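S.K.: Next up, input_4.txt (compact mmCIF, C-alpha atoms).
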```txt
# COMPACT_ATOMS: atom_id res chain seq x y z
CA MET A 1 -19.17 18.02 -89.52
CA LYS A 2 -22.30 19.27 -87.77
CA ARG A 3 -25.77 19.13 -89.29
CA PHE A 4 -29.17 19.96 -87.82
CA LEU A 5 -31.98 17.84 -89.29
CA THR A 6 -35.69 18.06 -88.53
CA SER A 7 -38.80 15.88 -88.92
CA GLU A 8 -42.45 16.44 -88.00
CA SER A 9 -45.47 14.34 -87.13
CA VAL A 10 -49.16 15.19 -86.84
CA ALA A 11 -52.01 14.04 -84.61
CA GLU A 12 -54.87 11.79 -85.64
CA GLY A 13 -57.10 14.85 -85.49
CA HIS A 14 -55.02 16.84 -87.97
CA PRO A 15 -57.39 17.38 -90.93
CA ASP A 16 -55.11 15.65 -93.46
CA LYS A 17 -54.42 12.73 -91.15
CA LEU A 18 -58.12 12.34 -90.37
CA CYS A 19 -58.66 11.91 -94.11
CA ASP A 20 -55.91 9.27 -94.31
CA ILE A 21 -57.55 7.33 -91.48
CA ILE A 22 -60.98 7.43 -93.13
CA SER A 23 -59.55 6.29 -96.48
CA ASP A 24 -57.69 3.39 -94.90
CA SER A 25 -60.70 2.46 -92.77
CA LEU A 26 -62.77 2.16 -95.93
CA LEU A 27 -60.03 0.05 -97.51
CA ASP A 28 -59.95 -2.28 -94.49
CA SER A 29 -63.73 -2.68 -94.47
CA ILE A 30 -63.68 -3.70 -98.13
CA LEU A 31 -60.67 -6.04 -97.88
CA GLU A 32 -62.25 -7.77 -94.89
CA GLN A 33 -65.05 -8.94 -97.19
CA ASP A 34 -63.31 -8.92 -100.59
CA PRO A 35 -59.51 -9.41 -100.42
CA ASN A 36 -59.18 -8.99 -104.20
CA ALA A 37 -60.98 -5.66 -104.36
CA ARG A 38 -59.46 -2.69 -106.15
CA VAL A 39 -59.60 0.42 -104.02
CA ALA A 40 -58.31 3.94 -104.53
CA ALA A 41 -60.22 6.05 -102.02
CA GLU A 42 -59.55 9.70 -101.25
CA THR A 43 -61.18 11.79 -98.54
CA MET A 44 -61.65 15.51 -98.02
CA ALA A 45 -62.63 17.09 -94.70
CA ALA A 46 -64.01 20.59 -94.25
CA THR A 47 -66.10 22.35 -91.64
CA GLY A 48 -69.00 20.03 -90.85
CA MET A 49 -68.36 17.84 -93.88
CA ILE A 50 -66.56 14.68 -95.04
CA ILE A 51 -66.38 13.85 -98.76
CA ILE A 52 -65.14 10.48 -100.07
CA THR A 53 -64.24 10.04 -103.74
CA GLY A 54 -62.29 7.52 -105.76
CA GLU A 55 -62.42 4.27 -107.69
CA VAL A 56 -63.59 1.04 -106.08
CA THR A 57 -64.21 -2.31 -107.77
CA THR A 58 -65.62 -4.86 -105.33
CA THR A 59 -68.31 -7.47 -104.75
CA CYS A 60 -69.11 -6.26 -101.23
CA TYR A 61 -71.11 -3.48 -99.59
CA VAL A 62 -69.85 -1.05 -96.95
CA ASP A 63 -72.07 1.37 -95.03
CA THR A 64 -69.92 4.42 -95.74
CA GLN A 65 -72.01 6.77 -93.60
CA LYS A 66 -71.63 4.57 -90.53
CA LEU A 67 -67.94 3.95 -91.19
CA VAL A 68 -67.09 7.66 -91.50
CA ARG A 69 -69.04 8.65 -88.39
CA ASN A 70 -67.36 5.92 -86.35
CA VAL A 71 -63.89 7.07 -87.43
CA VAL A 72 -64.67 10.74 -86.72
CA LYS A 73 -65.88 9.71 -83.26
CA GLU A 74 -62.82 7.54 -82.54
CA VAL A 75 -60.46 10.33 -83.52
CA GLY A 76 -62.22 12.65 -81.08
CA TYR A 77 -64.52 14.98 -83.00
CA THR A 78 -67.47 14.61 -80.65
CA ASP A 79 -68.45 18.24 -80.06
CA PRO A 80 -70.00 20.74 -82.52
CA ASP A 81 -67.67 23.41 -81.08
CA TYR A 82 -64.79 21.58 -82.80
CA GLY A 83 -66.25 22.41 -86.22
CA LEU A 84 -66.80 18.71 -86.96
CA ASP A 85 -69.08 16.40 -85.01
CA TYR A 86 -69.55 12.72 -85.81
CA GLN A 87 -73.30 12.86 -85.23
CA THR A 88 -74.14 15.88 -87.37
CA CYS A 89 -71.44 16.15 -90.06
CA ALA A 90 -72.46 15.70 -93.69
CA VAL A 91 -71.02 12.60 -95.39
CA VAL A 92 -70.90 12.79 -99.20
CA THR A 93 -69.65 9.99 -101.48
CA SER A 94 -68.72 9.96 -105.16
CA ILE A 95 -67.20 6.58 -106.04
CA GLN A 96 -66.87 4.80 -109.38
CA GLU A 97 -65.19 1.63 -110.66
CA GLN A 98 -61.51 1.34 -111.58
CA SER A 99 -60.74 2.25 -115.18
CA PRO A 100 -60.94 -0.85 -117.42
CA ASP A 101 -57.78 0.32 -119.19
CA ILE A 102 -55.82 0.16 -115.92
CA ALA A 103 -57.43 -3.17 -115.02
CA LEU A 104 -56.05 -4.71 -118.23
CA GLY A 105 -52.53 -4.50 -116.83
CA VAL A 106 -53.31 -5.22 -113.18
CA ASN A 107 -55.43 -8.30 -113.92
CA VAL A 108 -52.42 -10.10 -115.40
CA GLY A 109 -50.10 -9.21 -112.50
CA GLY A 110 -48.66 -5.95 -113.78
CA ALA A 111 -48.11 -2.73 -111.83
CA GLY A 112 -51.15 -0.50 -111.45
CA ASP A 113 -49.20 2.58 -112.46
CA GLN A 114 -45.78 3.85 -113.40
CA GLY A 115 -43.60 5.54 -110.82
CA MET A 116 -40.68 5.18 -108.43
CA MET A 117 -40.73 4.14 -104.79
CA PHE A 118 -38.12 4.40 -102.05
CA GLY A 119 -37.23 2.50 -98.90
CA TYR A 120 -34.80 3.51 -96.16
CA ALA A 121 -33.25 2.20 -92.98
CA THR A 122 -30.56 3.49 -90.61
CA ASP A 123 -28.97 2.05 -87.50
CA GLU A 124 -29.37 5.22 -85.44
CA THR A 125 -32.44 3.86 -83.56
CA PRO A 126 -33.45 0.32 -82.46
CA GLU A 127 -36.29 0.33 -84.99
CA LEU A 128 -33.78 1.32 -87.73
CA MET A 129 -35.50 4.64 -88.40
CA PRO A 130 -34.16 8.21 -88.34
CA MET A 131 -34.17 9.58 -84.80
CA THR A 132 -35.94 12.77 -85.88
CA ILE A 133 -39.11 11.12 -87.18
CA SER A 134 -39.06 8.40 -84.53
CA TYR A 135 -39.25 10.91 -81.69
CA ALA A 136 -41.70 13.17 -83.54
CA HIS A 137 -44.16 10.26 -83.79
CA LYS A 138 -43.66 9.19 -80.19
CA LEU A 139 -44.30 12.71 -78.87
CA ILE A 140 -47.59 13.25 -80.68
CA LYS A 141 -48.73 9.70 -79.90
CA LYS A 142 -48.13 10.37 -76.20
CA VAL A 143 -50.24 13.54 -76.44
CA ALA A 144 -53.05 11.47 -77.97
CA GLU A 145 -52.87 8.93 -75.14
CA LEU A 146 -53.18 11.67 -72.51
CA ARG A 147 -56.22 13.04 -74.35
CA LYS A 148 -57.96 9.73 -75.02
CA PHE A 149 -57.43 8.32 -71.52
CA GLY A 150 -58.78 11.54 -70.00
CA GLU A 151 -55.63 12.54 -68.11
CA LEU A 152 -55.54 15.97 -69.79
CA LYS A 153 -59.18 16.78 -70.41
CA TYR A 154 -58.44 20.16 -72.01
CA LEU A 155 -56.80 18.61 -75.08
CA ARG A 156 -58.61 18.54 -78.43
CA PRO A 157 -57.88 16.21 -81.39
CA ASP A 158 -55.57 18.33 -83.59
CA GLY A 159 -51.85 18.75 -83.02
CA LYS A 160 -48.32 18.62 -84.40
CA SER A 161 -44.83 17.77 -83.22
CA GLN A 162 -41.39 18.57 -84.59
CA VAL A 163 -37.95 17.38 -83.54
CA THR A 164 -34.54 18.77 -84.57
CA VAL A 165 -31.51 16.56 -83.97
CA GLU A 166 -27.88 17.66 -84.05
CA TYR A 167 -25.76 15.20 -86.04
CA VAL A 168 -21.97 15.13 -85.82
CA ASP A 169 -20.30 13.23 -88.66
CA GLY A 170 -23.63 11.59 -89.43
CA VAL A 171 -24.26 10.38 -85.87
CA PRO A 172 -27.10 11.84 -83.72
CA LYS A 173 -25.67 13.53 -80.62
CA ARG A 174 -28.42 15.62 -79.02
CA ILE A 175 -31.88 17.12 -79.45
CA ASP A 176 -31.55 20.74 -80.47
CA ALA A 177 -35.23 21.73 -80.66
CA ILE A 178 -38.67 20.33 -79.86
CA VAL A 179 -41.94 21.85 -81.05
CA LEU A 180 -45.32 20.71 -79.72
CA SER A 181 -48.50 22.38 -80.91
CA VAL A 182 -51.56 20.91 -79.20
CA GLN A 183 -55.16 21.93 -79.69
CA HIS A 184 -56.92 22.81 -76.44
CA ASN A 185 -60.08 24.14 -74.83
CA PRO A 186 -60.29 27.95 -74.60
CA ASP A 187 -60.29 28.12 -70.80
CA VAL A 188 -56.89 26.51 -70.09
CA ASP A 189 -53.80 28.57 -69.30
CA GLN A 190 -50.86 28.29 -71.73
CA LYS A 191 -48.43 28.00 -68.82
CA LYS A 192 -50.32 24.92 -67.63
CA ILE A 193 -50.17 23.40 -71.13
CA LYS A 194 -46.41 23.92 -71.38
CA GLU A 195 -45.79 22.41 -67.95
CA ASP A 196 -47.85 19.35 -68.85
CA MET A 197 -46.20 18.91 -72.25
CA VAL A 198 -42.73 19.10 -70.73
CA GLU A 199 -43.41 16.85 -67.73
CA LYS A 200 -45.95 14.38 -69.12
CA VAL A 201 -44.82 14.17 -72.74
CA ILE A 202 -41.28 15.32 -73.49
CA LYS A 203 -39.61 13.94 -70.36
CA GLU A 204 -41.57 10.71 -70.65
CA VAL A 205 -40.69 10.12 -74.31
CA ILE A 206 -37.18 11.45 -74.96
CA GLU A 207 -34.05 10.10 -73.30
CA SER A 208 -32.76 12.67 -70.81
CA LYS A 209 -29.19 12.38 -72.08
CA LEU A 210 -30.31 13.84 -75.43
CA ILE A 211 -31.69 17.03 -73.86
CA ASP A 212 -29.37 19.70 -72.48
CA SER A 213 -29.50 23.32 -71.35
CA ASN A 214 -29.31 24.48 -74.97
CA THR A 215 -32.27 22.41 -76.16
CA LYS A 216 -35.05 24.76 -77.29
CA ILE A 217 -38.61 23.76 -76.38
CA PHE A 218 -41.60 25.45 -78.01
CA VAL A 219 -45.13 24.61 -76.88
CA ASN A 220 -47.94 26.30 -78.84
CA PRO A 221 -45.56 28.97 -80.21
CA THR A 222 -48.38 31.33 -81.26
CA GLY A 223 -49.74 31.32 -77.70
CA ARG A 224 -53.13 29.80 -78.56
CA PHE A 225 -54.46 26.76 -80.46
CA VAL A 226 -58.21 26.53 -79.88
CA VAL A 227 -59.44 26.46 -83.47
CA GLY A 228 -58.11 23.41 -85.29
CA GLY A 229 -59.01 20.38 -87.36
CA PRO A 230 -61.19 20.81 -90.46
CA LEU A 231 -62.58 24.04 -89.00
CA ALA A 232 -59.16 25.64 -89.43
CA ASP A 233 -57.84 23.81 -92.51
CA THR A 234 -59.35 21.65 -95.21
CA GLY A 235 -58.01 18.10 -95.03
CA LEU A 236 -57.07 15.80 -97.91
CA THR A 237 -55.82 12.23 -98.15
CA GLY A 238 -52.15 11.97 -99.08
CA ARG A 239 -50.86 15.38 -98.00
CA LYS A 240 -48.63 14.05 -95.23
CA ILE A 241 -46.44 11.66 -97.23
CA ILE A 242 -43.21 12.75 -95.52
CA VAL A 243 -44.79 12.28 -92.08
CA ASP A 244 -45.87 8.82 -93.27
CA THR A 245 -42.36 7.76 -94.34
CA TYR A 246 -38.94 8.94 -93.18
CA GLY A 247 -39.47 12.54 -92.12
CA GLY A 248 -37.46 13.98 -95.00
CA MET A 249 -34.37 11.89 -94.23
CA ALA A 250 -34.79 9.87 -97.44
CA LYS A 251 -36.16 10.49 -100.92
CA HIS A 252 -39.84 10.01 -101.76
CA GLY A 253 -41.40 8.94 -105.04
CA GLY A 254 -44.41 11.22 -104.53
CA GLY A 255 -47.26 8.72 -104.30
CA CYS A 256 -49.25 8.50 -101.08
CA PHE A 257 -50.28 5.26 -99.39
CA SER A 258 -53.64 5.68 -97.67
CA GLY A 259 -56.78 4.44 -99.37
CA LYS A 260 -54.89 2.29 -101.90
CA ASP A 261 -55.15 -1.49 -102.11
CA PRO A 262 -51.86 -3.41 -102.47
CA SER A 263 -52.08 -3.74 -106.26
CA LYS A 264 -51.01 -0.08 -106.23
CA VAL A 265 -47.20 -0.17 -106.19
CA ASP A 266 -47.17 3.34 -104.72
CA ARG A 267 -47.99 1.57 -101.49
CA SER A 268 -46.90 -2.05 -101.76
CA ALA A 269 -43.52 -1.44 -103.41
CA ALA A 270 -42.69 1.29 -100.88
CA TYR A 271 -43.41 -1.25 -98.13
CA MET A 272 -41.20 -3.79 -99.91
CA CYS A 273 -38.38 -1.27 -100.24
CA ARG A 274 -38.51 -0.62 -96.49
CA TYR A 275 -38.48 -4.39 -95.89
CA ILE A 276 -35.38 -4.78 -98.05
CA ALA A 277 -33.56 -1.76 -96.61
CA LYS A 278 -34.27 -2.81 -93.02
CA ASN A 279 -33.04 -6.36 -93.61
CA LEU A 280 -29.87 -5.07 -95.26
CA VAL A 281 -29.06 -2.80 -92.30
CA ALA A 282 -30.02 -5.49 -89.78
CA ALA A 283 -27.66 -7.88 -91.59
CA GLY A 284 -24.81 -5.43 -91.12
CA VAL A 285 -24.44 -4.72 -94.84
CA ALA A 286 -24.41 -0.97 -94.20
CA LYS A 287 -25.16 1.55 -91.48
CA LYS A 288 -27.84 3.11 -93.66
CA VAL A 289 -29.45 2.08 -96.92
CA GLU A 290 -31.79 3.73 -99.41
CA ILE A 291 -33.33 1.64 -102.18
CA GLN A 292 -35.30 2.82 -105.21
CA VAL A 293 -37.45 0.75 -107.53
CA ALA A 294 -39.42 1.93 -110.57
CA TYR A 295 -42.28 0.40 -112.55
CA ALA A 296 -44.11 0.74 -115.86
CA ILE A 297 -47.89 0.39 -115.83
CA GLY A 298 -48.98 -3.13 -116.67
CA VAL A 299 -45.44 -4.57 -116.36
CA ALA A 300 -44.68 -6.90 -113.45
CA GLU A 301 -40.90 -6.64 -113.08
CA PRO A 302 -39.46 -3.28 -111.99
CA VAL A 303 -37.74 -1.35 -114.75
CA SER A 304 -34.92 -0.38 -112.38
CA ILE A 305 -33.49 -1.12 -108.93
CA ALA A 306 -30.92 1.14 -107.26
CA VAL A 307 -29.19 1.01 -103.89
CA ASP A 308 -27.32 3.77 -102.05
CA THR A 309 -25.40 2.94 -98.86
CA PHE A 310 -23.98 6.47 -98.41
CA ASN A 311 -20.42 5.13 -98.17
CA THR A 312 -21.29 3.13 -95.04
CA SER A 313 -20.76 -0.35 -96.56
CA LYS A 314 -17.73 -2.43 -97.47
CA TYR A 315 -19.74 -3.87 -100.38
CA ASP A 316 -20.28 -1.97 -103.60
CA ASP A 317 -23.85 -0.99 -104.42
CA GLU A 318 -23.94 -3.08 -107.61
CA LYS A 319 -23.24 -6.26 -105.66
CA ILE A 320 -25.99 -5.40 -103.15
CA VAL A 321 -28.46 -4.90 -106.02
CA LYS A 322 -27.63 -8.42 -107.26
CA VAL A 323 -28.39 -9.79 -103.80
CA VAL A 324 -31.68 -7.90 -103.69
CA ARG A 325 -32.71 -9.33 -107.07
CA GLU A 326 -31.78 -12.83 -105.92
CA ILE A 327 -33.69 -12.81 -102.63
CA PHE A 328 -36.68 -10.51 -103.07
CA ASP A 329 -39.56 -10.90 -105.54
CA LEU A 330 -40.38 -7.35 -106.62
CA THR A 331 -43.33 -8.13 -108.87
CA PRO A 332 -46.64 -6.74 -107.51
CA GLY A 333 -47.95 -10.27 -106.94
CA GLY A 334 -44.73 -11.35 -105.26
CA ILE A 335 -44.78 -8.36 -102.93
CA ILE A 336 -48.40 -8.94 -101.97
CA GLU A 337 -47.74 -12.62 -101.20
CA GLN A 338 -44.48 -12.04 -99.30
CA LEU A 339 -45.88 -9.26 -97.10
CA LYS A 340 -49.43 -10.69 -96.80
CA LEU A 341 -51.00 -7.44 -97.93
CA ARG A 342 -54.52 -8.52 -98.91
CA ARG A 343 -55.72 -8.14 -95.32
CA PRO A 344 -57.47 -5.36 -93.35
CA ILE A 345 -54.26 -4.05 -91.73
CA TYR A 346 -54.18 -0.50 -93.03
CA LYS A 347 -56.17 1.71 -90.67
CA LYS A 348 -53.48 1.59 -87.99
CA THR A 349 -50.78 2.52 -90.52
CA ALA A 350 -52.49 5.85 -91.20
CA SER A 351 -51.33 7.46 -87.93
CA TYR A 352 -47.81 7.75 -86.50
CA GLY A 353 -46.01 6.52 -89.60
CA HIS A 354 -46.05 3.44 -91.80
CA PHE A 355 -42.50 2.43 -90.85
CA GLY A 356 -40.53 1.67 -87.71
CA ARG A 357 -43.45 -0.05 -85.96
CA GLU A 358 -42.91 -3.64 -84.91
CA GLU A 359 -46.59 -4.38 -84.39
CA GLU A 360 -48.98 -7.04 -85.67
CA GLY A 361 -49.64 -6.56 -89.38
CA PHE A 362 -46.48 -4.55 -90.14
CA THR A 363 -44.90 -7.45 -92.04
CA TRP A 364 -42.46 -5.14 -93.85
CA GLU A 365 -40.76 -4.48 -90.50
CA VAL A 366 -39.76 -8.11 -89.95
CA CYS A 367 -36.03 -8.91 -90.26
CA ASP A 368 -36.21 -12.48 -91.55
CA LYS A 369 -33.82 -12.33 -94.52
CA ILE A 370 -30.62 -11.64 -92.59
CA ASP A 371 -29.12 -15.10 -92.98
CA GLU A 372 -29.88 -15.25 -96.72
CA ILE A 373 -28.29 -11.84 -97.25
CA LYS A 374 -25.15 -12.77 -95.32
CA LYS A 375 -24.84 -16.06 -97.19
CA LEU A 376 -24.99 -14.42 -100.63
CA LEU A 377 -22.54 -11.67 -99.69
CA LYS A 378 -20.04 -14.04 -98.07
```
What is this structure when it is put down as structure tokens?
M.R.:
Amino acid sequence: MKRFLTSESVAEGHPDKLCDIISDSLLDSILEQDPNARVAAETMAATGMIIITGEVTTTCYVDTQKLVRNVVKEVGYTDPDYGLDYQTCAVVTSIQEQSPDIALGVNVGGAGDQGMMFGYATDETPELMPMTISYAHKLIKKVAELRKFGELKYLRPDGKSQVTVEYVDGVPKRIDAIVLSVQHNPDVDQKKIKEDMVEKVIKEVIESKLIDSNTKIFVNPTGRFVVGGPLADTGLTGRKIIVDTYGGMAKHGGGCFSGKDPSKVDRSAAYMCRYIAKNLVAAGVAKKVEIQVAYAIGVAEPVSIAVDTFNTSKYDDEKIVKVVREIFDLTPGGIIEQLKLRRPIYKKTASYGHFGREEEGFTWEVCDKIDEIKKLLK
């Protein structure tokens, strides 16, 4: 059976992603001084303006104006022609403390809210992520490197990528379509942009055996992408939750990650679910695994745990759930301790996906429970 599945990624300069980065930068700055702070920060970006709102309970002080301007500069908004300039943009804040009613449950180790979270892993790539989202992230990250290192000086901060993979009987066989939309200066020729994207990005990132004569490549499909970023679209924290996770290849509980401290199970439990799913696949339990957990506000233990191996395991899902309960502590406090989440590690998660990155700080990507899983299933 043939299926064509697609995932997208967005650049750091995409207005929504810029907001995620600012929210997580604020979180990091607070956690660096106050690891037990409660943070739920949301950012909006518009032409010439950044607005930060949310609930923060902390003992420390952060210079929000300086922090925002530094992030806007790092991302690449350094010219008034872009519609947002780090030196002149307005920075507005409206922050209050966390609700005392919510704090009642969180202070005793309960979940900060109700909801369900998902984790996923598949053996189709070395990082145990879907091929579609893995390549989408790598493409747009390569574009950013060419821009930031000055190799392609005509590039501007905004951009998107999209990858369609042809699956045969659930196995990825080839790349069917690639879309790259990159913001650029007005004086560059579109033919030049396409040549560069093909030679310096696509051919550098994607294995040649996956591209054939029928692979469709679209670079700036409208023919022009000069106006971008917050000048073109208002940005908001949390609007790229599928980009942040599994590119649509797995379910999503609906809660975003950026700007939230680890007492928020929207974030921490989703990280834990990825940790569990990845260890299960790495242990050979199944070729792909999706796990769901759900919580009630103020209650520490999840109200439900479910596993789906998509008929790729010799073990029944009920037995796998028992193993998960035995090995992994799914209380908010247990998750925070296991994954070492009360640290300033979040800014770098805000771009190019929260999963599939075996870098410092991504503790939920470590496969250290393989032996325990195998022992219990033996």
S.K.: Within 12 Å of (-39.8, 9.9, -102.7) (coordinates as in the file), grab all the protein and nucleic acid residues, counting all atoms listed in the file, and write them out as a PDB file with C-alpha atoms, in the frame of the given file.
M.R.:
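Produced file out-v3.pdb, reproduced below:
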```
ATOM      1  CA  GLY A 115     -43.600   5.540-110.820  1.00  0.00           C
ATOM      2  CA  MET A 116     -40.680   5.180-108.430  1.00  0.00           C
ATOM      3  CA  MET A 117     -40.730   4.140-104.790  1.00  0.00           C
ATOM      4  CA  PHE A 118     -38.120   4.400-102.050  1.00  0.00           C
ATOM      5  CA  GLY A 119     -37.230   2.500 -98.900  1.00  0.00           C
ATOM      6  CA  TYR A 120     -34.800   3.510 -96.160  1.00  0.00           C
ATOM      7  CA  ILE A 241     -46.440  11.660 -97.230  1.00  0.00           C
ATOM      8  CA  ILE A 242     -43.210  12.750 -95.520  1.00  0.00           C
ATOM      9  CA  VAL A 243     -44.790  12.280 -92.080  1.00  0.00           C
ATOM     10  CA  ASP A 244     -45.870   8.820 -93.270  1.00  0.00           C
ATOM     11  CA  THR A 245     -42.360   7.760 -94.340  1.00  0.00           C
ATOM     12  CA  TYR A 246     -38.940   8.940 -93.180  1.00  0.00           C
ATOM     13  CA  GLY A 247     -39.470  12.540 -92.120  1.00  0.00           C
ATOM     14  CA  GLY A 248     -37.460  13.980 -95.000  1.00  0.00           C
ATOM     15  CA  MET A 249     -34.370  11.890 -94.230  1.00  0.00           C
ATOM     16  CA  ALA A 250     -34.790   9.870 -97.440  1.00  0.00           C
ATOM     17  CA  LYS A 251     -36.160  10.490-100.920  1.00  0.00           C
ATOM     18  CA  HIS A 252     -39.840  10.010-101.760  1.00  0.00           C
ATOM     19  CA  GLY A 253     -41.400   8.940-105.040  1.00  0.00           C
ATOM     20  CA  GLY A 254     -44.410  11.220-104.530  1.00  0.00           C
ATOM     21  CA  GLY A 255     -47.260   8.720-104.300  1.00  0.00           C
ATOM     22  CA  CYS A 256     -49.250   8.500-101.080  1.00  0.00           C
ATOM     23  CA  PHE A 257     -50.280   5.260 -99.390  1.00  0.00           C
ATOM     24  CA  ASP A 266     -47.170   3.340-104.720  1.00  0.00           C
ATOM     25  CA  ARG A 267     -47.990   1.570-101.490  1.00  0.00           C
ATOM     26  CA  ALA A 269     -43.520  -1.440-103.410  1.00  0.00           C
ATOM     27  CA  ALA A 270     -42.690   1.290-100.880  1.00  0.00           C
ATOM     28  CA  CYS A 273     -38.380  -1.270-100.240  1.00  0.00           C
ATOM     29  CA  GLU A 290     -31.790   3.730 -99.410  1.00  0.00           C
ATOM     30  CA  ILE A 291     -33.330   1.640-102.180  1.00  0.00           C
ATOM     31  CA  GLN A 292     -35.300   2.820-105.210  1.00  0.00           C
ATOM     32  CA  VAL A 293     -37.450   0.750-107.530  1.00  0.00           C
ATOM     33  CA  ALA A 294     -39.420   1.930-110.570  1.00  0.00           C
TER      34      ALA A 294
END
```
S.K.: Would you please work out which residue, of A:Pro130, A:Gly229, A:Pro344, A:Gly334, is nearest to Ile30 of chain A when using only C-alpha atoms?
M.R.: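 Distance minimum relative to Ile30 of chain A lands on A:Pro344.
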S.K.: Smallest atom-to-atom distance to Ala232 of chain A: which of A:Glu326, A:Asp158, A:Asp187, A:Glu301, using all atoms listed in the file?
M.R.: A:Asp158
S.K.: Hey, what's within 12 Å of Ala11 of chain A if we count only C-alpha atoms and toss same-chain stuff fewer than 2 positions away? As a PDB file with C-alpha atoms, keeping the file's coordinate frame, please?
M.R.:
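File produced: part-v3.pdb:
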```pdb
ATOM      1  CA  GLU A   8     -42.450  16.440 -88.000  1.00  0.00           C
ATOM      2  CA  SER A   9     -45.470  14.340 -87.130  1.00  0.00           C
ATOM      3  CA  GLY A  13     -57.100  14.850 -85.490  1.00  0.00           C
ATOM      4  CA  HIS A  14     -55.020  16.840 -87.970  1.00  0.00           C
ATOM      5  CA  PRO A  15     -57.390  17.380 -90.930  1.00  0.00           C
ATOM      6  CA  ASP A  16     -55.110  15.650 -93.460  1.00  0.00           C
ATOM      7  CA  LYS A  17     -54.420  12.730 -91.150  1.00  0.00           C
ATOM      8  CA  LEU A  18     -58.120  12.340 -90.370  1.00  0.00           C
ATOM      9  CA  CYS A  19     -58.660  11.910 -94.110  1.00  0.00           C
ATOM     10  CA  ASP A  20     -55.910   9.270 -94.310  1.00  0.00           C
ATOM     11  CA  ILE A  21     -57.550   7.330 -91.480  1.00  0.00           C
ATOM     12  CA  VAL A  75     -60.460  10.330 -83.520  1.00  0.00           C
ATOM     13  CA  GLY A  76     -62.220  12.650 -81.080  1.00  0.00           C
ATOM     14  CA  ALA A 136     -41.700  13.170 -83.540  1.00  0.00           C
ATOM     15  CA  HIS A 137     -44.160  10.260 -83.790  1.00  0.00           C
ATOM     16  CA  LYS A 138     -43.660   9.190 -80.190  1.00  0.00           C
ATOM     17  CA  LEU A 139     -44.300  12.710 -78.870  1.00  0.00           C
ATOM     18  CA  ILE A 140     -47.590  13.250 -80.680  1.00  0.00           C
ATOM     19  CA  LYS A 141     -48.730   9.700 -79.900  1.00  0.00           C
ATOM     20  CA  LYS A 142     -48.130  10.370 -76.200  1.00  0.00           C
ATOM     21  CA  VAL A 143     -50.240  13.540 -76.440  1.00  0.00           C
ATOM     22  CA  ALA A 144     -53.050  11.470 -77.970  1.00  0.00           C
ATOM     23  CA  GLU A 145     -52.870   8.930 -75.140  1.00  0.00           C
ATOM     24  CA  ARG A 147     -56.220  13.040 -74.350  1.00  0.00           C
ATOM     25  CA  LEU A 155     -56.800  18.610 -75.080  1.00  0.00           C
ATOM     26  CA  ARG A 156     -58.610  18.540 -78.430  1.00  0.00           C
ATOM     27  CA  PRO A 157     -57.880  16.210 -81.390  1.00  0.00           C
ATOM     28  CA  ASP A 158     -55.570  18.330 -83.590  1.00  0.00           C
ATOM     29  CA  GLY A 159     -51.850  18.750 -83.020  1.00  0.00           C
ATOM     30  CA  LYS A 160     -48.320  18.620 -84.400  1.00  0.00           C
ATOM     31  CA  SER A 161     -44.830  17.770 -83.220  1.00  0.00           C
ATOM     32  CA  GLN A 162     -41.390  18.570 -84.590  1.00  0.00           C
ATOM     33  CA  LEU A 180     -45.320  20.710 -79.720  1.00  0.00           C
ATOM     34  CA  SER A 181     -48.500  22.380 -80.910  1.00  0.00           C
ATOM     35  CA  VAL A 182     -51.560  20.910 -79.200  1.00  0.00           C
ATOM     36  CA  GLN A 183     -55.160  21.930 -79.690  1.00  0.00           C
ATOM     37  CA  GLY A 228     -58.110  23.410 -85.290  1.00  0.00           C
ATOM     38  CA  GLY A 229     -59.010  20.380 -87.360  1.00  0.00           C
ATOM     39  CA  LYS A 240     -48.630  14.050 -95.230  1.00  0.00           C
ATOM     40  CA  VAL A 243     -44.790  12.280 -92.080  1.00  0.00           C
ATOM     41  CA  ASP A 244     -45.870   8.820 -93.270  1.00  0.00           C
ATOM     42  CA  ALA A 350     -52.490   5.850 -91.200  1.00  0.00           C
ATOM     43  CA  SER A 351     -51.330   7.460 -87.930  1.00  0.00           C
ATOM     44  CA  TYR A 352     -47.810   7.750 -86.500  1.00  0.00           C
ATOM     45  CA  GLY A 353     -46.010   6.520 -89.600  1.00  0.00           C
TER      46      GLY A 353
END
```
S.K.: Any idea what's packed within 12 Å of Val198 of chain A, counting only C-alpha atoms, ignoring anything in its chain fewer than 4 positions away? Could you give it as a list of chain:residue names?
M.R.: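 Counting only C-alpha atoms, the residues come to A:Leu139, A:Lys142, A:Val143, A:Ile178, A:Val179, A:Leu180, A:Lys191, A:Lys192, A:Ile193, A:Lys194, A:Ile202, A:Lys203, A:Glu204, A:Val205, A:Ile206, A:Ser208, A:Ile211, A:Lys216, A:Ile217, A:Phe218, A:Val219.
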S.K.: Which polymer residues have any atom within 9 Å of an atom of Lys288 of chain A, counting only C-alpha atoms, with same-chain residues fewer than 2 positions away left out, as number ranges by chain?
M.R.: A: 120-124, 128, 277-278, 280-281, 285-286, 290, 308-313
